[in-house]
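With compact mmCIF, C-alpha atoms inside, this is upload31.txt:
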# COMPACT_ATOMS: atom_id res chain seq x y z
CA SER G 1 -22.24 -37.37 -12.83
CA GLN G 2 -21.24 -34.37 -10.80
CA GLN G 3 -22.06 -34.42 -7.11
CA GLY G 4 -21.46 -30.78 -6.33
CA GLU G 5 -22.95 -27.87 -8.21
CA GLU G 6 -21.62 -24.40 -7.50
CA ASP G 7 -23.56 -21.21 -7.73
CA PRO G 8 -22.95 -18.66 -9.10
CA GLN G 9 -20.81 -19.77 -12.03
CA ALA G 10 -19.01 -16.43 -11.98
CA LEU G 11 -18.76 -13.63 -9.45
CA SER G 12 -17.19 -10.20 -9.86
CA ILE G 13 -16.65 -7.93 -6.84
CA GLN G 14 -14.51 -5.06 -5.61
CA GLU G 15 -11.65 -5.42 -3.15
CA GLY G 16 -12.88 -5.27 0.41
CA GLU G 17 -16.29 -6.75 -0.37
CA ASN G 18 -17.38 -10.18 0.78
CA ALA G 19 -17.78 -13.06 -1.67
CA THR G 20 -20.26 -15.86 -1.12
CA MET G 21 -20.30 -19.05 -3.14
CA ASN G 22 -22.78 -21.87 -2.78
CA CYS G 23 -22.59 -25.58 -3.42
CA SER G 24 -25.36 -28.17 -3.60
CA TYR G 25 -24.94 -31.92 -3.67
CA LYS G 26 -27.14 -34.95 -4.12
CA THR G 27 -26.18 -37.83 -1.85
CA SER G 28 -25.07 -38.37 1.74
CA ILE G 29 -21.52 -37.31 2.47
CA ASN G 30 -18.75 -37.82 4.99
CA ASN G 31 -17.36 -34.38 4.49
CA LEU G 32 -17.30 -31.48 2.07
CA GLN G 33 -14.18 -29.65 1.02
CA TRP G 34 -13.45 -26.39 -0.76
CA TYR G 35 -10.52 -25.96 -3.11
CA ARG G 36 -9.07 -23.00 -4.94
CA GLN G 37 -7.48 -23.02 -8.39
CA ASN G 38 -5.44 -20.16 -9.72
CA SER G 39 -5.23 -19.90 -13.49
CA GLY G 40 -2.89 -22.53 -14.91
CA ARG G 41 -2.28 -24.19 -11.56
CA GLY G 42 -3.41 -27.25 -9.65
CA LEU G 43 -6.12 -27.14 -7.02
CA VAL G 44 -5.24 -26.18 -3.47
CA HIS G 45 -7.20 -27.37 -0.46
CA LEU G 46 -8.78 -24.57 1.57
CA ILE G 47 -11.02 -26.07 4.22
CA LEU G 48 -12.86 -29.26 5.14
CA ILE G 49 -16.15 -29.50 7.01
CA ARG G 50 -17.45 -32.81 8.31
CA SER G 51 -21.04 -33.93 7.99
CA ASN G 52 -21.64 -33.43 11.73
CA GLU G 53 -20.36 -29.85 11.65
CA ARG G 54 -22.44 -26.79 10.74
CA GLU G 55 -19.86 -24.05 10.49
CA LYS G 56 -16.11 -23.72 10.27
CA HIS G 57 -13.70 -20.80 10.06
CA SER G 58 -10.18 -20.45 8.74
CA GLY G 59 -8.77 -16.95 8.55
CA ARG G 60 -11.00 -14.94 6.21
CA LEU G 61 -12.90 -18.07 5.16
CA ARG G 62 -16.18 -19.21 6.65
CA VAL G 63 -17.87 -22.40 5.53
CA THR G 64 -21.35 -23.56 6.45
CA LEU G 65 -22.96 -26.92 5.85
CA ASP G 66 -26.65 -27.76 5.88
CA THR G 67 -27.04 -31.50 5.45
CA SER G 68 -30.83 -31.28 5.46
CA LYS G 69 -30.68 -29.09 2.36
CA LYS G 70 -27.57 -30.80 1.01
CA SER G 71 -25.86 -27.48 0.57
CA SER G 72 -22.78 -25.58 1.65
CA SER G 73 -21.54 -22.03 1.34
CA LEU G 74 -18.10 -20.48 1.29
CA LEU G 75 -17.75 -16.90 2.44
CA ILE G 76 -14.56 -14.94 1.83
CA THR G 77 -14.55 -11.75 3.87
CA ALA G 78 -12.68 -8.56 3.00
CA SER G 79 -11.67 -9.91 -0.39
CA ARG G 80 -8.36 -9.06 -2.02
CA ALA G 81 -7.26 -9.04 -5.64
CA ALA G 82 -5.14 -12.12 -4.81
CA ASP G 83 -8.35 -14.05 -4.07
CA THR G 84 -9.12 -14.02 -7.80
CA ALA G 85 -9.39 -17.71 -8.72
CA SER G 86 -11.85 -20.52 -9.32
CA TYR G 87 -13.34 -22.14 -6.25
CA PHE G 88 -14.58 -25.74 -6.20
CA CYS G 89 -16.54 -27.72 -3.70
CA ALA G 90 -15.87 -31.44 -3.44
CA THR G 91 -17.79 -34.11 -1.58
CA SER G 92 -16.45 -37.25 0.01
CA GLN G 93 -18.71 -40.24 0.45
CA SER G 94 -18.34 -43.05 2.96
CA GLY G 95 -16.10 -45.93 1.95
CA GLY G 96 -14.69 -43.88 -0.87
CA TYR G 97 -10.97 -44.22 -0.19
CA ASN G 98 -10.84 -40.43 -0.06
CA LYS G 99 -12.48 -40.22 -3.49
CA LEU G 100 -13.83 -36.73 -4.11
CA ILE G 101 -16.49 -35.57 -6.53
CA PHE G 102 -15.91 -32.00 -7.69
CA GLY G 103 -18.43 -29.44 -8.81
CA ALA G 104 -18.07 -27.16 -11.82
CA GLY G 105 -16.62 -24.30 -9.78
CA THR G 106 -17.23 -20.59 -9.31
CA ARG G 107 -14.92 -18.12 -11.04
CA LEU G 108 -14.26 -15.22 -8.70
CA ALA G 109 -12.79 -11.96 -9.93
CA VAL G 110 -11.80 -9.37 -7.32
CA HIS G 111 -11.08 -5.95 -8.78
CA PRO G 112 -8.68 -3.50 -7.10
CA ASP I 1 8.47 -31.97 0.69
CA ALA I 2 8.36 -31.10 -3.01
CA GLY I 3 4.67 -31.85 -3.33
CA VAL I 4 3.15 -33.88 -6.13
CA ILE I 5 5.39 -33.85 -9.18
CA GLN I 6 4.08 -34.25 -12.70
CA SER I 7 5.90 -34.46 -16.00
CA PRO I 8 5.90 -33.22 -18.60
CA ARG I 9 4.23 -29.87 -17.83
CA HIS I 10 3.28 -29.41 -21.47
CA GLU I 11 2.92 -31.96 -24.24
CA VAL I 12 2.05 -31.31 -27.86
CA THR I 13 1.61 -34.35 -30.05
CA GLU I 14 -0.07 -35.44 -33.23
CA MET I 15 -3.16 -37.54 -33.46
CA GLY I 16 -2.38 -41.24 -33.30
CA GLN I 17 0.75 -40.87 -31.20
CA GLU I 18 1.22 -42.45 -27.79
CA VAL I 19 1.30 -40.09 -24.83
CA THR I 20 2.62 -40.96 -21.37
CA LEU I 21 2.04 -38.71 -18.39
CA ARG I 22 3.97 -39.24 -15.18
CA CYS I 23 3.29 -38.55 -11.55
CA LYS I 24 5.24 -38.80 -8.32
CA PRO I 25 2.96 -38.55 -5.29
CA ILE I 26 3.88 -37.10 -1.93
CA SER I 27 5.98 -39.53 0.08
CA GLY I 28 3.86 -41.44 2.60
CA HIS I 29 0.56 -40.92 0.79
CA ASN I 30 -1.28 -44.12 -0.04
CA SER I 31 -3.95 -42.87 -2.47
CA LEU I 32 -3.33 -41.47 -5.94
CA PHE I 33 -5.84 -39.89 -8.30
CA TRP I 34 -5.77 -38.96 -11.97
CA TYR I 35 -8.10 -36.16 -13.12
CA ARG I 36 -8.82 -34.50 -16.44
CA GLN I 37 -9.97 -30.89 -16.69
CA THR I 38 -11.59 -29.25 -19.69
CA MET I 39 -13.76 -26.18 -20.10
CA MET I 40 -16.65 -28.26 -21.33
CA ARG I 41 -16.60 -31.10 -18.81
CA GLY I 42 -14.89 -29.56 -15.80
CA LEU I 43 -12.79 -31.71 -13.50
CA GLU I 44 -13.32 -35.43 -14.05
CA LEU I 45 -11.89 -38.25 -11.96
CA LEU I 46 -10.38 -40.82 -14.29
CA ILE I 47 -8.96 -43.44 -11.93
CA TYR I 48 -7.65 -43.77 -8.41
CA PHE I 49 -5.32 -46.13 -6.64
CA ASN I 50 -5.07 -47.16 -3.03
CA ASN I 51 -1.81 -48.79 -1.93
CA ASN I 52 -0.83 -49.06 -5.62
CA VAL I 53 -3.98 -51.02 -6.51
CA PRO I 54 -6.54 -49.53 -8.91
CA ILE I 55 -9.78 -49.14 -6.98
CA ASP I 56 -12.07 -47.41 -9.43
CA ASP I 57 -11.35 -46.84 -13.11
CA SER I 58 -14.94 -46.13 -14.12
CA GLY I 59 -13.94 -42.63 -15.16
CA MET I 60 -11.45 -43.78 -17.77
CA PRO I 61 -13.08 -42.68 -21.02
CA GLU I 62 -12.19 -45.66 -23.17
CA ASP I 63 -9.71 -48.40 -23.81
CA ARG I 64 -7.23 -45.96 -25.27
CA PHE I 65 -6.53 -44.82 -21.72
CA SER I 66 -4.57 -46.91 -19.25
CA ALA I 67 -2.94 -46.18 -15.90
CA LYS I 68 -0.38 -48.00 -13.81
CA MET I 69 1.17 -47.60 -10.41
CA PRO I 70 4.13 -49.99 -10.20
CA ASN I 71 5.19 -48.68 -6.79
CA ALA I 72 4.20 -46.17 -4.15
CA SER I 73 6.25 -43.37 -5.66
CA PHE I 74 5.32 -43.48 -9.34
CA SER I 75 2.30 -43.63 -11.60
CA THR I 76 1.71 -43.25 -15.32
CA LEU I 77 -1.32 -42.39 -17.42
CA LYS I 78 -1.01 -43.52 -21.02
CA ILE I 79 -3.12 -42.61 -24.02
CA GLN I 80 -2.67 -44.75 -27.10
CA PRO I 81 -3.57 -43.69 -29.72
CA SER I 82 -4.20 -40.06 -28.83
CA GLU I 83 -7.01 -38.03 -30.41
CA PRO I 84 -7.67 -34.26 -30.55
CA ARG I 85 -10.55 -34.64 -28.07
CA ASP I 86 -8.05 -35.83 -25.48
CA SER I 87 -6.64 -32.31 -25.31
CA ALA I 88 -7.00 -31.19 -21.70
CA VAL I 89 -5.09 -30.55 -18.51
CA TYR I 90 -4.38 -33.77 -16.63
CA PHE I 91 -3.86 -33.56 -12.89
CA CYS I 92 -2.45 -36.08 -10.50
CA ALA I 93 -3.31 -35.82 -6.80
CA SER I 94 -2.38 -37.81 -3.73
CA SER I 95 -3.72 -38.17 -0.22
CA PHE I 96 -3.40 -40.30 2.87
CA VAL I 97 -6.36 -42.54 3.69
CA GLY I 98 -7.05 -42.20 7.38
CA GLY I 99 -5.60 -38.74 7.51
CA SER I 100 -7.20 -35.36 6.89
CA ASN I 101 -8.78 -36.60 3.65
CA GLU I 102 -7.57 -33.60 1.68
CA GLN I 103 -6.00 -34.16 -1.70
CA PHE I 104 -2.78 -32.54 -2.82
CA PHE I 105 -2.66 -31.71 -6.49
CA GLY I 106 0.26 -31.55 -8.85
CA PRO I 107 0.72 -28.64 -11.28
CA GLY I 108 -0.86 -30.59 -14.13
CA THR I 109 0.16 -31.59 -17.65
CA ARG I 110 -1.35 -29.55 -20.45
CA LEU I 111 -1.87 -31.93 -23.36
CA THR I 112 -2.55 -30.73 -26.88
CA VAL I 113 -3.28 -33.30 -29.55
CA LEU I 114 -3.17 -31.86 -33.06
Before we go any further, please render this structure as structure tokens.
Amino acid sequence: SQQGEEDPQALSIQEGENATMNCSYKTSINNLQWYRQNSGRGLVHLILIRSNEREKHSGRLRVTLDTSKKSSSLLITASRAADTASYFCATSQSGGYNKLIFGAGTRLAVHP
Amino acid sequence: DAGVIQSPRHEVTEMGQEVTLRCKPISGHNSLFWYRQTMMRGLELLIYFNNNVPIDDSGMPEDRFSAKMPNASFSTLKIQPSEPRDSAVYFCASSFVGGSNEQFFGPGTRLTVL
């Protein structure tokens, strides 16, 4: 069964706007990661947030984690057409040998 | 580093044929994962290895699927016999347990079973 569930399933915005994607999960985690997948390619790691962290930044990316609500959000600021991709959250549980459980993903389209 | 290498990139075969997918993980990584991605089911973890030993194969759909990792630099995923419902993109990923915990994905093998 899937651990992470992304919301929305699809998001369409204009260049320069911010994009927010949400992820909910069901069980306790060690960390939560966000990945990006361009069409026809493998997934690429974007950012990792540990269970004892609440917010993390990397360039135009901002990730928040609320363990009490079992949810996370990924914010991409000042979006660009090149940000068009699918974005997945993935959760890592303790003792999991780095095993990740991926959600269904959010398809983001950024229009010039 | 060349990253995770998968071959072939595309495979078209007929139902009933044996299919073998190959993966070379990043040198120094000690965990290897096989995933399957379809529109209907999303990204599914099939099996993962730690130090060449299969740890969890609960995601392998049925006995037609098998995976091996004879050494730290090579793994195979075999489907025998293949069926049309096996059509999907198969990804291999590797990571280092005790490191940053992120997984590095290969480019995938797009399998079409006619």
Calculate how many Å separate CA of Leu111 in chain I from CA of Gly40 in chain G, rounding to one decimal.
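One can read the CA of Leu111 in chain I to CA of Gly40 in chain G distance as 12.7 Å.
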When you count only C-alpha atoms, which of these residues is closest to chain I: G:Leu43, G:Val110, G:Ala10, G:Leu65?
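Smallest separation from chain I among the options: G:Leu43.
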Closest pair table for chain I residues within 9 Å of chain G, all atoms listed in the file, as a tab-separated table:
residue	atom	partner	partner_atom	distance
I:Ser31	CA	G:Tyr97	CA	7.5
I:Phe33	CA	G:Lys99	CA	8.2
I:Arg41	CA	G:Ala104	CA	8.2
I:Gly42	CA	G:Ala104	CA	5.6
I:Leu43	CA	G:Phe102	CA	6.6
I:Glu44	CA	G:Phe102	CA	7.7
I:Leu45	CA	G:Ile101	CA	7.6
I:Tyr48	CA	G:Lys99	CA	7.8
I:Phe49	CA	G:Tyr97	CA	8.8
I:Asn50	CA	G:Tyr97	CA	7.2
I:Ile55	CA	G:Tyr97	CA	8.5
I:Phe91	CA	G:Gly42	CA	7.1
I:Cys92	CA	G:Gly42	CA	8.9
I:Ser95	CA	G:Asn98	CA	7.5
I:Phe96	CA	G:Asn98	CA	8.0
I:Val97	CA	G:Asn98	CA	6.2
I:Gly98	CA	G:Asn98	CA	8.5
I:Ser100	CA	G:Leu48	CA	8.5
I:Asn101	CA	G:Asn98	CA	5.7
I:Glu102	CA	G:His45	CA	6.6
I:Gln103	CA	G:His45	CA	7.0
I:Phe104	CA	G:Val44	CA	6.9
I:Phe105	CA	G:Gly42	CA	5.5
I:Gly106	CA	G:Gly42	CA	5.7
I:Pro107	CA	G:Gly42	CA	4.7
I:Gly108	CA	G:Gly42	CA	6.1
Distance CA of Asn51 in chain I-CA of Lys26 in chain G, one decimal place?
28.9 Å
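Counting from CA of Thr27 in chain G, the distance to CA of Val63 in chain G is 19.0 Å.
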Would you mind listing what lies within 6 Å of range 74-77 of chain G as number ranges by chain, with all atoms listed in the file counted and same-chain residues fewer than 6 positions away left out?
G: 18-21, 60-63
Any chance you could export the current selection's C-alpha atoms as a PDB file, in the frame of the given file?
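Output (part-v4.pdb):
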ATOM      1  CA  ASN G  18     -17.380 -10.180   0.780  1.00  0.00           C
ATOM      2  CA  ALA G  19     -17.780 -13.060  -1.670  1.00  0.00           C
ATOM      3  CA  THR G  20     -20.260 -15.860  -1.120  1.00  0.00           C
ATOM      4  CA  MET G  21     -20.300 -19.050  -3.140  1.00  0.00           C
ATOM      5  CA  ARG G  60     -11.000 -14.940   6.210  1.00  0.00           C
ATOM      6  CA  LEU G  61     -12.900 -18.070   5.160  1.00  0.00           C
ATOM      7  CA  ARG G  62     -16.180 -19.210   6.650  1.00  0.00           C
ATOM      8  CA  VAL G  63     -17.870 -22.400   5.530  1.00  0.00           C
TER       9      VAL G  63
END
Which residues come within 6 Å of Leu46 in chain I, counting all atoms listed in the file, excluding same-chain residues fewer than 2 positions away, as an MDAnalysis selection string?
chainID I and resid 34:35 59:60
Write the selection just made, keeping C-alpha atoms, as a PDB file, keeping the file's coordinate frame?
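In the end it all went to result.pdb:
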ATOM      1  CA  TRP I  34      -5.770 -38.960 -11.970  1.00  0.00           C
ATOM      2  CA  TYR I  35      -8.100 -36.160 -13.120  1.00  0.00           C
ATOM      3  CA  GLY I  59     -13.940 -42.630 -15.160  1.00  0.00           C
ATOM      4  CA  MET I  60     -11.450 -43.780 -17.770  1.00  0.00           C
TER       5      MET I  60
END
Do you know which residues are at most 7 Å from Gly16 in chain G counting only C-alpha atoms, after dropping those on the same chain fewer than 5 positions away, and could you put them as a PyMOL selection string?
chain G and resi 78-80
Those same residues, written as an mmCIF file, in the coordinates of the input with C-alpha atoms?
data_model
loop_
_atom_site.group_PDB
_atom_site.id
_atom_site.type_symbol
_atom_site.label_atom_id
_atom_site.label_comp_id
_atom_site.auth_asym_id
_atom_site.auth_seq_id
_atom_site.Cartn_x
_atom_site.Cartn_y
_atom_site.Cartn_z
ATOM 1 C CA ALA G 78 -12.680 -8.560 3.000
ATOM 2 C CA SER G 79 -11.670 -9.910 -0.390
ATOM 3 C CA ARG G 80 -8.360 -9.060 -2.020
#
Write out as a PyMOL selection string which residues come within 10 Å of His10 in chain I when counting all atoms listed in the file, dropping same-chain ones fewer than 2 positions away.
chain I and resi 7-8+12+21+89+108-112
Edge lengths and centre, in Å to one decimal, as lines of an AutoDock Vina configuration file: that's what I need for the box along x, y and z that holds all listed atoms of range 42-60 of chain G plus 4 Å on each side.
center_x = -12.9
center_y = -24.4
center_z = 1.0
size_x = 27.0
size_y = 27.0
size_z = 29.4
Surrounding residues of Thr76 in chain I excluding itself and chain neighbours under 3 positions, 10 Å, only C-alpha atoms, as a list in words
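Here the qualifying residues turn out to be Gln6, Ser7, Thr20, Leu21, Arg22, Cys23, Lys24, Trp34, Ser66, Ala67, Lys68, Met69, Pro70, Ile79 and Cys92 of chain I.
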At most 6 Å from (-8.7, -5.8, -8.4), file frame, all atoms listed in the file: which residues, as a list of chain:residue names?
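Those residues, ordered by chain and then number, are G:Ala81, G:Val110, G:His111, G:Pro112.
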Counting only C-alpha atoms, find residues at most 10 Å from (6.4, -38.1, -3.0) (file frame) and give them as a list in words.
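Residues found, by chain and rising number: Asp1, Ala2, Gly3, Val4, Ile5, Cys23, Lys24, Pro25, Ile26, Ser27, Gly28, His29, Ala72, Ser73, Phe74 and Ser94 of chain I.
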If I only have part of range 5-30 of chain G, can you fill in N, CA, C and O atoms and write it as a compact mmCIF listing (two decimals), in the coordinates of the input?
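Output below, filename out.txt:
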# COMPACT_ATOMS: atom_id res chain seq x y z
N GLU G 5 -22.64 -28.89 -7.22
CA GLU G 5 -22.95 -27.87 -8.21
C GLU G 5 -22.77 -26.52 -7.54
O GLU G 5 -23.44 -26.23 -6.54
N GLU G 6 -21.86 -25.70 -8.10
CA GLU G 6 -21.62 -24.40 -7.50
C GLU G 6 -22.52 -23.33 -8.10
O GLU G 6 -22.92 -23.39 -9.26
N ASP G 7 -22.73 -22.33 -7.31
CA ASP G 7 -23.56 -21.21 -7.73
C ASP G 7 -23.05 -19.97 -7.01
O ASP G 7 -22.84 -20.02 -5.80
N PRO G 8 -22.77 -18.85 -7.66
CA PRO G 8 -22.95 -18.66 -9.10
C PRO G 8 -21.79 -19.27 -9.89
O PRO G 8 -20.80 -19.69 -9.30
N GLN G 9 -21.90 -19.30 -11.19
CA GLN G 9 -20.81 -19.77 -12.03
C GLN G 9 -19.67 -18.76 -12.04
O GLN G 9 -18.50 -19.12 -12.14
N ALA G 10 -20.02 -17.49 -11.97
CA ALA G 10 -19.01 -16.43 -11.98
C ALA G 10 -19.47 -15.32 -11.05
O ALA G 10 -20.66 -15.04 -10.92
N LEU G 11 -18.48 -14.67 -10.41
CA LEU G 11 -18.76 -13.63 -9.45
C LEU G 11 -17.69 -12.56 -9.59
O LEU G 11 -16.49 -12.87 -9.59
N SER G 12 -18.12 -11.31 -9.70
CA SER G 12 -17.19 -10.20 -9.86
C SER G 12 -17.47 -9.17 -8.77
O SER G 12 -18.60 -8.69 -8.65
N ILE G 13 -16.46 -8.85 -7.97
CA ILE G 13 -16.65 -7.93 -6.84
C ILE G 13 -15.45 -6.98 -6.74
O ILE G 13 -14.43 -7.17 -7.41
N GLN G 14 -15.59 -5.99 -5.88
CA GLN G 14 -14.51 -5.06 -5.61
C GLN G 14 -13.73 -5.50 -4.37
O GLN G 14 -14.29 -6.15 -3.47
N GLU G 15 -12.47 -5.14 -4.33
CA GLU G 15 -11.65 -5.42 -3.15
C GLU G 15 -12.33 -4.89 -1.90
O GLU G 15 -12.91 -3.79 -1.92
N GLY G 16 -12.28 -5.67 -0.85
CA GLY G 16 -12.88 -5.27 0.41
C GLY G 16 -14.28 -5.83 0.60
O GLY G 16 -14.75 -5.94 1.75
N GLU G 17 -14.95 -6.16 -0.48
CA GLU G 17 -16.29 -6.75 -0.37
C GLU G 17 -16.18 -8.23 0.02
O GLU G 17 -15.13 -8.84 -0.11
N ASN G 18 -17.31 -8.76 0.47
CA ASN G 18 -17.38 -10.18 0.78
C ASN G 18 -17.85 -10.95 -0.44
O ASN G 18 -18.64 -10.45 -1.24
N ALA G 19 -17.38 -12.19 -0.57
CA ALA G 19 -17.78 -13.06 -1.67
C ALA G 19 -18.40 -14.32 -1.09
O ALA G 19 -17.82 -14.95 -0.20
N THR G 20 -19.58 -14.65 -1.58
CA THR G 20 -20.26 -15.86 -1.12
C THR G 20 -20.51 -16.79 -2.30
O THR G 20 -21.05 -16.37 -3.32
N MET G 21 -20.09 -18.03 -2.13
CA MET G 21 -20.30 -19.05 -3.14
C MET G 21 -21.05 -20.22 -2.52
O MET G 21 -20.81 -20.55 -1.36
N ASN G 22 -21.94 -20.80 -3.29
CA ASN G 22 -22.78 -21.87 -2.78
C ASN G 22 -22.53 -23.17 -3.52
O ASN G 22 -22.10 -23.16 -4.68
N CYS G 23 -22.80 -24.26 -2.83
CA CYS G 23 -22.59 -25.58 -3.42
C CYS G 23 -23.74 -26.47 -2.99
O CYS G 23 -24.11 -26.50 -1.81
N SER G 24 -24.32 -27.19 -3.93
CA SER G 24 -25.36 -28.17 -3.60
C SER G 24 -24.89 -29.54 -4.05
O SER G 24 -24.13 -29.67 -5.02
N TYR G 25 -25.34 -30.56 -3.34
CA TYR G 25 -24.94 -31.92 -3.67
C TYR G 25 -26.14 -32.84 -3.54
O TYR G 25 -27.20 -32.42 -3.07
N LYS G 26 -25.96 -34.11 -3.96
CA LYS G 26 -27.14 -34.95 -4.12
C LYS G 26 -27.24 -36.10 -3.12
O LYS G 26 -28.34 -36.52 -2.77
N THR G 27 -26.12 -36.65 -2.70
CA THR G 27 -26.18 -37.83 -1.85
C THR G 27 -25.53 -37.57 -0.50
O THR G 27 -24.93 -36.52 -0.28
N SER G 28 -25.65 -38.51 0.41
CA SER G 28 -25.07 -38.37 1.74
C SER G 28 -23.54 -38.31 1.65
O SER G 28 -22.94 -38.96 0.79
N ILE G 29 -22.97 -37.52 2.52
CA ILE G 29 -21.52 -37.31 2.47
C ILE G 29 -20.88 -37.54 3.82
O ILE G 29 -21.54 -37.48 4.86
N ASN G 30 -19.57 -37.80 3.78
CA ASN G 30 -18.75 -37.82 4.99
C ASN G 30 -18.27 -36.43 5.33
O ASN G 30 -18.26 -36.02 6.49
